[in-house]
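Asks: Contents of start_35.txt (compact mmCIF, C-alpha atoms and all ligand atoms):
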# COMPACT_ATOMS: atom_id res chain seq x y z
CA MET A 1 77.65 -12.77 61.99
CA LYS A 2 74.94 -10.32 62.96
CA ASN A 3 75.81 -7.35 65.16
CA VAL A 4 73.57 -7.58 68.18
CA ILE A 5 73.59 -5.43 71.31
CA LEU A 6 72.28 -6.43 74.72
CA THR A 7 72.33 -4.20 77.79
CA GLY A 8 70.14 -3.67 80.78
CA ASP A 9 69.50 -2.22 84.17
CA ARG A 10 68.08 -3.48 87.43
CA PRO A 11 64.75 -1.83 88.32
CA THR A 12 65.95 -1.03 91.85
CA GLY A 13 65.45 2.72 91.43
CA LYS A 14 65.32 5.46 88.85
CA LEU A 15 68.32 5.82 86.56
CA HIS A 16 71.12 8.17 87.57
CA LEU A 17 74.05 10.12 86.12
CA GLY A 18 76.26 7.00 86.35
CA HIS A 19 73.91 5.15 83.99
CA PHE A 20 73.79 8.17 81.71
CA VAL A 21 77.55 8.42 81.16
CA GLY A 22 78.35 4.74 81.73
CA SER A 23 75.87 3.13 79.43
CA LEU A 24 72.80 5.08 78.26
CA THR A 25 74.64 7.62 76.08
CA GLN A 26 76.51 4.80 74.33
CA ARG A 27 73.32 2.84 73.78
CA VAL A 28 71.54 5.75 72.15
CA MET A 29 74.56 6.49 69.96
CA LEU A 30 74.89 2.85 68.89
CA GLN A 31 71.13 2.60 68.35
CA ASN A 32 71.19 5.61 66.04
CA SER A 33 74.36 4.54 64.20
CA GLY A 34 72.35 2.05 62.16
CA LYS A 35 75.24 -0.45 62.45
CA PHE A 36 73.36 -2.97 64.56
CA GLU A 37 70.82 -5.44 63.28
CA GLU A 38 69.20 -5.95 66.68
CA ILE A 39 69.30 -4.10 70.00
CA TYR A 40 67.87 -5.61 73.19
CA ILE A 41 67.48 -3.61 76.37
CA GLU A 42 66.58 -5.66 79.40
CA ILE A 43 64.92 -4.43 82.54
CA ALA A 44 66.49 -7.02 84.85
CA ASP A 45 63.65 -7.44 87.34
CA ALA A 46 64.39 -11.13 87.97
CA GLN A 47 68.00 -10.32 88.81
CA ALA A 48 66.79 -7.55 91.13
CA THR A 49 64.89 -10.16 93.18
CA THR A 50 68.23 -11.79 94.14
CA ASP A 51 68.93 -9.03 96.66
CA ASN A 52 65.38 -7.77 97.14
CA ALA A 53 63.41 -10.97 97.76
CA ASP A 54 61.65 -9.33 100.71
CA ASN A 55 60.81 -6.15 98.80
CA ILE A 56 59.36 -7.09 95.42
CA GLU A 57 57.19 -3.97 95.63
CA LYS A 58 60.33 -1.86 95.05
CA ILE A 59 60.95 -3.72 91.81
CA ARG A 60 57.28 -3.50 90.73
CA GLN A 61 57.32 0.26 91.27
CA ASN A 62 60.61 0.92 89.50
CA ILE A 63 60.05 -0.98 86.25
CA ILE A 64 58.03 1.87 84.80
CA GLU A 65 60.52 4.45 86.14
CA VAL A 66 63.40 2.76 84.32
CA ALA A 67 61.33 2.44 81.14
CA LEU A 68 60.48 6.17 81.30
CA ASP A 69 64.16 7.02 81.80
CA TYR A 70 65.04 4.98 78.70
CA LEU A 71 62.46 6.70 76.56
CA ALA A 72 63.43 10.12 77.93
CA CYS A 73 67.10 9.51 77.03
CA GLY A 74 66.26 8.59 73.45
CA ILE A 75 65.91 4.81 73.44
CA ASP A 76 63.46 4.32 70.58
CA PRO A 77 61.23 1.22 70.84
CA LYS A 78 61.04 1.14 67.02
CA LYS A 79 64.79 0.56 66.88
CA SER A 80 65.46 -1.17 70.22
CA THR A 81 63.54 -4.00 71.89
CA ILE A 82 62.89 -3.13 75.54
CA PHE A 83 61.81 -6.19 77.54
CA LEU A 84 61.20 -7.50 81.05
CA GLN A 85 63.55 -10.30 82.12
CA SER A 86 60.94 -12.12 84.26
CA GLN A 87 58.63 -12.50 81.26
CA ILE A 88 61.17 -14.66 79.40
CA PRO A 89 61.16 -18.02 81.24
CA GLU A 90 63.67 -19.35 78.68
CA LEU A 91 66.32 -17.29 80.50
CA CYS A 92 65.82 -19.43 83.64
CA GLU A 93 66.15 -22.55 81.54
CA LEU A 94 69.49 -21.43 80.11
CA THR A 95 70.71 -20.37 83.55
CA PHE A 96 69.95 -23.84 84.92
CA TYR A 97 72.19 -25.55 82.38
CA TYR A 98 74.96 -22.92 82.53
CA LEU A 99 75.17 -23.33 86.32
CA ASN A 100 76.77 -26.72 85.69
CA LEU A 101 79.60 -25.11 83.73
CA VAL A 102 80.76 -22.83 86.58
CA THR A 103 82.43 -23.70 89.88
CA LEU A 104 81.44 -22.27 93.24
CA ALA A 105 85.02 -21.04 93.74
CA ARG A 106 84.87 -19.13 90.45
CA LEU A 107 81.67 -17.34 91.50
CA GLN A 108 83.12 -16.50 94.91
CA ARG A 109 86.15 -14.92 93.24
CA ASN A 110 84.10 -12.44 91.16
CA PRO A 111 85.31 -9.00 92.39
CA THR A 112 82.04 -7.18 91.67
CA VAL A 113 79.98 -9.81 93.48
CA LYS A 114 82.42 -9.67 96.40
CA GLN A 115 82.08 -5.89 96.67
CA GLU A 116 78.30 -6.00 96.32
CA MET A 117 78.10 -8.72 99.02
CA LYS A 118 79.97 -6.42 101.39
CA GLN A 119 77.64 -3.49 100.59
CA ARG A 120 74.59 -5.63 101.25
CA ASN A 121 75.89 -7.37 104.40
CA PHE A 122 75.65 -10.68 102.59
CA GLU A 123 79.09 -11.84 103.73
CA LYS A 124 77.75 -14.12 106.47
CA SER A 125 74.69 -15.37 104.68
CA ILE A 126 74.33 -14.97 100.94
CA PRO A 127 71.25 -15.90 98.91
CA VAL A 128 72.33 -18.52 96.36
CA GLY A 129 70.48 -16.58 93.68
CA PHE A 130 72.62 -13.52 94.34
CA LEU A 131 75.87 -15.46 94.14
CA THR A 132 74.82 -16.96 90.84
CA TYR A 133 73.49 -13.82 89.18
CA PRO A 134 76.56 -13.57 86.89
CA VAL A 135 75.43 -16.91 85.42
CA SER A 136 71.95 -15.59 84.77
CA GLN A 137 73.56 -12.60 83.08
CA ALA A 138 75.36 -15.04 80.78
CA ALA A 139 71.93 -16.45 79.93
CA ASP A 140 70.61 -12.95 79.15
CA ILE A 141 73.51 -12.17 76.84
CA THR A 142 73.68 -15.48 75.00
CA ALA A 143 69.90 -15.87 74.61
CA PHE A 144 69.95 -13.00 72.12
CA ASN A 145 73.26 -13.94 70.42
CA ALA A 146 74.57 -10.57 71.56
CA ASN A 147 78.15 -9.74 70.63
CA ILE A 148 78.32 -6.11 71.87
CA ILE A 149 77.60 -5.21 75.49
CA PRO A 150 77.84 -1.48 76.40
CA VAL A 151 78.48 -1.29 80.16
CA GLY A 152 80.25 0.52 82.98
CA ASP A 153 83.43 -1.13 84.24
CA ASP A 154 81.74 -2.77 87.27
CA GLN A 155 80.26 -5.17 84.71
CA LEU A 156 83.56 -6.37 83.23
CA PRO A 157 83.81 -9.40 85.55
CA MET A 158 80.30 -10.40 84.43
CA ILE A 159 81.20 -10.27 80.76
CA GLU A 160 84.36 -12.26 81.52
CA GLN A 161 82.20 -14.88 83.26
CA THR A 162 79.90 -15.01 80.24
CA LYS A 163 82.85 -15.50 77.88
CA GLU A 164 84.07 -18.43 80.00
CA ILE A 165 80.62 -20.03 79.98
CA VAL A 166 80.35 -19.60 76.21
CA ARG A 167 83.77 -21.21 75.68
CA THR A 168 83.03 -24.10 78.03
CA PHE A 169 79.63 -24.67 76.46
CA ASN A 170 80.99 -24.57 72.91
CA ASN A 171 83.91 -26.87 73.80
CA THR A 172 81.65 -29.35 75.53
CA TYR A 173 78.63 -29.43 73.22
CA GLY A 174 79.85 -27.94 69.92
CA LYS A 175 79.86 -24.33 68.71
CA THR A 176 76.45 -22.93 69.57
CA LEU A 177 76.80 -19.69 71.56
CA VAL A 178 78.17 -16.28 70.55
CA GLU A 179 81.02 -14.81 72.61
CA PRO A 180 80.33 -11.20 73.67
CA THR A 181 82.60 -8.15 73.94
CA ALA A 182 82.13 -5.41 76.53
CA VAL A 183 82.17 -1.84 75.22
CA LEU A 184 83.21 0.76 77.78
CA PRO A 185 82.73 4.52 77.44
CA GLU A 186 85.71 6.23 75.76
CA ASN A 187 86.06 8.75 78.58
CA GLU A 188 87.64 6.81 81.44
CA THR A 189 85.86 8.89 84.08
CA CYS A 190 82.54 7.66 82.71
CA CYS A 191 83.38 3.98 83.24
CA ARG A 192 82.64 4.27 86.96
CA LEU A 193 81.16 7.56 88.09
CA PRO A 194 81.56 7.94 91.87
CA GLY A 195 78.67 8.76 94.18
CA LEU A 196 77.99 12.24 95.57
CA ASP A 197 80.09 11.35 98.62
CA GLY A 198 83.05 10.54 96.35
CA LYS A 199 83.35 7.03 97.75
CA ALA A 200 81.76 4.04 96.02
CA LYS A 201 80.39 4.24 92.48
CA MET A 202 77.10 6.04 92.09
CA SER A 203 74.57 3.29 92.68
CA LYS A 204 70.81 3.09 93.11
CA SER A 205 71.19 0.74 96.05
CA LEU A 206 73.50 3.14 97.89
CA GLY A 207 71.34 6.26 97.47
CA ASN A 208 74.36 8.44 96.53
CA CYS A 209 72.87 9.56 93.23
CA ILE A 210 71.65 12.43 91.14
CA TYR A 211 68.73 10.90 89.26
CA LEU A 212 67.99 11.84 85.66
CA SER A 213 64.48 12.81 86.72
CA ASP A 214 65.45 14.90 89.77
CA PRO A 215 63.74 18.32 89.75
CA PRO A 216 66.07 21.34 89.19
CA GLU A 217 66.07 22.40 92.89
CA GLU A 218 67.02 18.86 93.94
CA ILE A 219 69.93 18.74 91.49
CA LYS A 220 71.15 22.10 92.77
CA ARG A 221 70.84 21.03 96.42
CA LYS A 222 72.74 17.80 95.79
CA VAL A 223 75.52 19.57 93.87
CA MET A 224 75.92 22.30 96.50
CA GLU A 225 76.14 19.65 99.26
CA MET A 226 78.71 17.56 97.40
CA TYR A 227 81.88 16.41 99.06
CA THR A 228 85.04 18.18 97.80
CA ASP A 229 88.62 18.40 99.07
CA PRO A 230 88.37 18.58 102.90
CA ASN A 231 91.69 20.47 103.06
CA HIS A 232 90.43 23.23 100.76
CA VAL A 233 89.04 25.40 103.53
CA LYS A 234 89.70 28.96 102.39
CA VAL A 235 89.33 30.11 98.80
CA SER A 236 93.05 30.90 98.74
CA ASP A 237 94.01 27.36 99.85
CA PRO A 238 95.40 25.07 97.17
CA GLY A 239 92.91 22.30 96.45
CA SER A 240 93.08 18.77 95.11
CA THR A 241 91.10 17.84 92.01
CA LYS A 242 91.92 14.13 92.41
CA ASN A 243 89.33 12.10 94.31
CA ASN A 244 87.25 15.26 94.28
CA PRO A 245 83.85 14.21 92.91
CA VAL A 246 82.99 17.74 91.72
CA PHE A 247 85.97 17.70 89.36
CA ILE A 248 85.37 14.07 88.41
CA TYR A 249 81.83 15.04 87.35
CA LEU A 250 83.19 18.02 85.42
CA GLU A 251 85.50 15.59 83.57
CA ALA A 252 82.51 13.44 82.71
CA PHE A 253 80.07 16.14 81.61
CA VAL A 254 81.77 19.39 80.61
CA THR A 255 82.43 20.37 77.01
CA ASP A 256 84.35 23.43 75.77
CA GLU A 257 80.96 24.92 74.81
CA HIS A 258 79.84 24.74 78.44
CA LEU A 259 82.97 26.61 79.52
CA LYS A 260 82.49 29.26 76.85
CA LYS A 261 78.91 29.77 78.01
CA TYR A 262 79.27 29.67 81.81
CA LEU A 263 82.95 30.37 82.63
CA PRO A 264 84.46 32.14 79.59
CA GLU A 265 87.50 33.26 81.61
CA TYR A 266 88.83 29.66 81.35
CA LYS A 267 89.88 28.23 77.98
CA ASN A 268 89.48 24.62 79.02
CA LEU A 269 88.91 22.35 82.00
CA GLU A 270 92.67 22.00 82.53
CA GLU A 271 92.91 25.75 83.24
CA LEU A 272 90.08 25.57 85.75
CA LYS A 273 91.72 22.59 87.47
CA ASN A 274 95.10 24.39 87.60
CA HIS A 275 93.51 27.41 89.23
CA TYR A 276 91.87 25.22 91.89
CA GLU A 277 95.10 23.32 92.53
CA HIS A 278 97.10 26.53 92.94
CA GLY A 279 94.54 28.19 95.23
CA GLY A 280 92.25 31.16 94.69
CA LEU A 281 89.23 29.30 93.30
CA GLY A 282 86.32 28.63 95.66
CA ASP A 283 84.23 25.45 95.78
CA VAL A 284 81.00 27.41 95.42
CA LYS A 285 82.01 28.82 92.04
CA VAL A 286 82.99 25.38 90.74
CA LYS A 287 79.80 23.79 92.09
CA LYS A 288 77.67 26.52 90.49
CA PHE A 289 79.32 25.73 87.17
CA LEU A 290 78.68 21.99 87.61
CA ASN A 291 75.07 22.75 88.48
CA ASP A 292 74.66 24.91 85.33
CA VAL A 293 76.06 22.13 83.16
CA LEU A 294 73.92 19.38 84.72
CA GLN A 295 70.78 21.51 84.54
CA GLU A 296 71.43 22.10 80.82
CA ILE A 297 71.95 18.39 80.13
CA LEU A 298 69.05 17.12 82.24
CA ALA A 299 66.34 19.68 81.36
CA PRO A 300 65.44 18.21 77.93
CA ILE A 301 65.51 14.64 79.36
CA ARG A 302 63.13 15.65 82.14
CA LYS A 303 60.84 17.35 79.62
CA ARG A 304 60.65 14.27 77.37
CA ARG A 305 60.00 12.11 80.44
CA GLU A 306 57.04 14.30 81.37
CA GLU A 307 55.60 13.73 77.88
CA PHE A 308 55.90 9.92 78.13
CA GLN A 309 54.45 9.99 81.67
CA LYS A 310 51.16 11.21 80.18
CA ASP A 311 50.54 7.83 78.53
CA ILE A 312 51.58 5.07 80.97
CA PRO A 313 49.46 2.34 79.25
CA GLU A 314 51.52 2.99 76.11
CA VAL A 315 54.73 2.44 78.09
CA TYR A 316 53.40 -0.90 79.41
CA LYS A 317 52.44 -1.79 75.84
CA ILE A 318 56.02 -1.12 74.69
CA LEU A 319 57.29 -3.48 77.42
CA TYR A 320 54.68 -6.12 76.55
CA GLU A 321 55.44 -6.07 72.82
CA GLY A 322 59.19 -6.00 73.49
CA SER A 323 58.96 -8.98 75.85
CA LYS A 324 56.92 -10.95 73.30
CA LYS A 325 59.54 -10.33 70.61
CA ALA A 326 62.45 -11.10 72.96
CA ARG A 327 60.83 -14.35 74.10
CA LYS A 328 60.66 -15.62 70.53
CA VAL A 329 64.39 -15.10 70.04
CA ALA A 330 65.29 -16.59 73.44
CA SER A 331 63.22 -19.68 72.75
CA GLU A 332 65.08 -20.26 69.47
CA THR A 333 68.33 -20.18 71.47
CA VAL A 334 66.96 -22.61 74.05
CA ASN A 335 66.10 -25.00 71.22
CA LYS A 336 69.63 -24.69 69.83
CA VAL A 337 71.13 -25.23 73.29
CA LYS A 338 68.99 -28.28 74.02
CA THR A 339 69.77 -29.73 70.61
CA ALA A 340 73.51 -29.19 71.16
CA MET A 341 73.28 -30.86 74.58
CA GLY A 342 71.20 -33.71 73.18
CA ILE A 343 68.21 -33.12 75.46
CA ASN A 344 65.73 -32.44 72.66
CA TYR A 345 64.46 -36.02 72.99
CA PHE A 346 61.21 -35.77 71.07
CA GLU A 347 62.81 -34.29 67.94
CA ASP A 348 65.80 -36.64 68.10
CA THR A 349 64.73 -39.35 65.63
CA GLU A 350 68.25 -40.80 65.68
CA LEU A 351 67.96 -41.44 69.43
CA ILE A 352 64.43 -42.81 69.12
CA ASN A 353 65.42 -45.17 66.27
CA TYR A 354 68.47 -46.31 68.23
CA GLN A 355 66.30 -47.17 71.23
CA ILE A 356 63.84 -49.02 69.00
CA GLU A 357 66.64 -51.10 67.52
CA LYS A 358 68.26 -51.69 70.90
CA PHE A 359 65.09 -53.14 72.38
CA GLN A 360 64.31 -55.11 69.23
CA LYS A 361 67.73 -56.74 69.50
CA ASN A 362 67.06 -57.54 73.15
CA LYS A 363 63.86 -59.42 72.33
P1 LIG B 1 72.17 -1.40 91.88
O1 LIG B 1 72.72 -0.54 92.99
O2 LIG B 1 70.77 -1.87 92.13
O3 LIG B 1 73.10 -2.50 91.46
P2 LIG B 1 73.21 0.31 89.84
O4 LIG B 1 73.11 1.76 90.13
O5 LIG B 1 74.52 -0.36 90.08
O6 LIG B 1 72.04 -0.40 90.64
P3 LIG B 1 72.71 -1.32 87.55
O7 LIG B 1 71.30 -1.50 87.10
O8 LIG B 1 73.33 -2.40 88.38
O9 LIG B 1 72.79 0.07 88.35
O10 LIG B 1 73.68 -1.04 86.32
C1 LIG B 1 73.20 -0.86 85.00
C2 LIG B 1 74.29 -0.40 84.05
O11 LIG B 1 74.77 0.90 84.42
C3 LIG B 1 75.55 -1.29 84.03
O12 LIG B 1 76.00 -1.36 82.70
C4 LIG B 1 76.53 -0.56 84.88
O13 LIG B 1 77.87 -0.83 84.51
C5 LIG B 1 76.19 0.90 84.58
N1 LIG B 1 76.50 1.73 85.75
C6 LIG B 1 75.88 1.68 86.96
N2 LIG B 1 76.42 2.57 87.81
C7 LIG B 1 77.41 3.21 87.11
C8 LIG B 1 78.33 4.25 87.45
N3 LIG B 1 78.33 4.81 88.66
N4 LIG B 1 79.21 4.67 86.49
C9 LIG B 1 79.20 4.12 85.25
N5 LIG B 1 78.33 3.13 84.87
C10 LIG B 1 77.46 2.68 85.79
MG MG B 2 74.68 -2.58 89.96
Represent the supplied structure as structure tokens.
Replies:
Amino acid sequence: MKNVILTGDRPTGKLHLGHFVGSLTQRVMLQNSGKFEEIYIEIADAQATTDNADNIEKIRQNIIEVALDYLACGIDPKKSTIFLQSQIPELCELTFYYLNLVTLARLQRNPTVKQEMKQRNFEKSIPVGFLTYPVSQAADITAFNANIIPVGDDQLPMIEQTKEIVRTFNNTYGKTLVEPTAVLPENETCCRLPGLDGKAKMSKSLGNCIYLSDPPEEIKRKVMEMYTDPNHVKVSDPGSTKNNPVFIYLEAFVTDEHLKKYLPEYKNLEELKNHYEHGGLGDVKVKKFLNDVLQEILAPIRKRREEFQKDIPEVYKILYEGSKKARKVASETVNKVKTAMGINYFEDTELINYQIEKFQKNK
């Protein structure tokens, strides 16, 4: 079996630190490992319409932003196929048939969908397309025979749904589809980076993000305004590092080298956390450290982005070529699926001959 990766993002905004630690870093590492025959990266613009039907302009504007973020982070179009979901109509075709293999109750039970419905005030009236987007994600994954899916942990219920669809399809129509496996970041903190307010996960749709392309002053402002432990009022007060987004971000981003460079008085992050928990360490000092680390990580990404921004037609060309290549693969899968289901009537000589004989007998 070939090793094939599929991942993607919704073009509902620029990419943020959650994407960086949750998925992008893994993708670039896997891409450069040379262990994968094919890598597909989907800009899920069709999925983004399911909760933005009245604001397609937002999606139109953000496609290029997401593509620039990919390129800036090191996704290489020579090694990875970047494509636009809406340009692959075969994905709709697969979705249509997979919808029959899933119950309404099963979709309503999906914990991520439930949470996202609450965030979007969809509880009273939900667009059918939104409720069924996990099924369209199964189409995205299976269309490319992907077996490895690098994601943050909010996507686990989607991969589970895909596995169920694959099993049901294969049991019903014969082994046709490949069952995928989700790959989470090794560092648990990176599986679901919280937003700046420390509440929900960092998410484009919630606006609680530090974006990869934020200018240095913006990053600094956001870090300095971050929520910390509300009971840590005076420097001498003991503070909590749990549920404290500043420390959660430090867990996700800081290396020993960063400490050596910016806070050499601490041997490791544990020591810094202990100091905060025992009192005597101010929020401002910790936030300044986090700012230094983020500035160091994001500066080269921002610089590469600026280079790619100089040639936007080239970025559209990458998306066009990627979509063309992806469509070819997806259409091979649709053919396999239709053959397995027996709805490839015009190529089915057995069926045609049977009908000929049947009507000859009836004469
Ligand atoms: P939206 O709010 O429009 O849903 P989003 O910020 O949730 O946007 P997606 O495009 O839905 O981003 O997610 C793309 C990928 O990034 C998924 O694999 C998801 O698991 C991962 N991801 C998103 N947010 C985070 C986060 N805060 N921490 C870790 N991974 C994340
Ligand atoms: Mg999301």
Asks: When distances are computed from all atoms listed in the file, which of A:Ser80, A:Thr112, A:Asn244, A:Thr339 shows the smallest separation from ligand MG 2 (chain B)?
Replies: A:Thr112
Asks: With distances taken over all atoms listed in the file, which residue among A:Pro245, A:Pro238, A:Gly322, A:Gly13 lies nearest Ser213 in chain A?
Replies: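 Checking each candidate against Ser213 in chain A, we get A:Gly13 as the closest.
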Asks: Find the residues near Pro215 in chain A: any atom within 10 Å, counting only C-alpha atoms, skip ones fewer than 3 places away on the same chain, and give them as a list in words.
Replies: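 The filter keeps Ile210, Tyr211, Leu212, Glu218, Ile219, Lys220, Gln295, Leu298, Ala299 and Arg302 of chain A.
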Asks: Interatomic distance between CA of Ile165 in chain A and CA of Gln31 in chain A?
Replies: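 Answer for the CA of Ile165 in chain A to CA of Gln31 in chain A separation: 27.2 Å.
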Asks: With all atoms listed in the file counted, collect every polymer residue having an atom within 9 Å of ligand MG 2 (chain B); state the result as a ChimeraX atom specification.
Replies: /A:9-10,112,116,154-155,203-205
Asks: Between CA of Leu193 in chain A and CA of Ile56 in chain A, what distance in Å does the model show, to one decimal?
Replies: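 These two atoms are separated by 27.3 Å.
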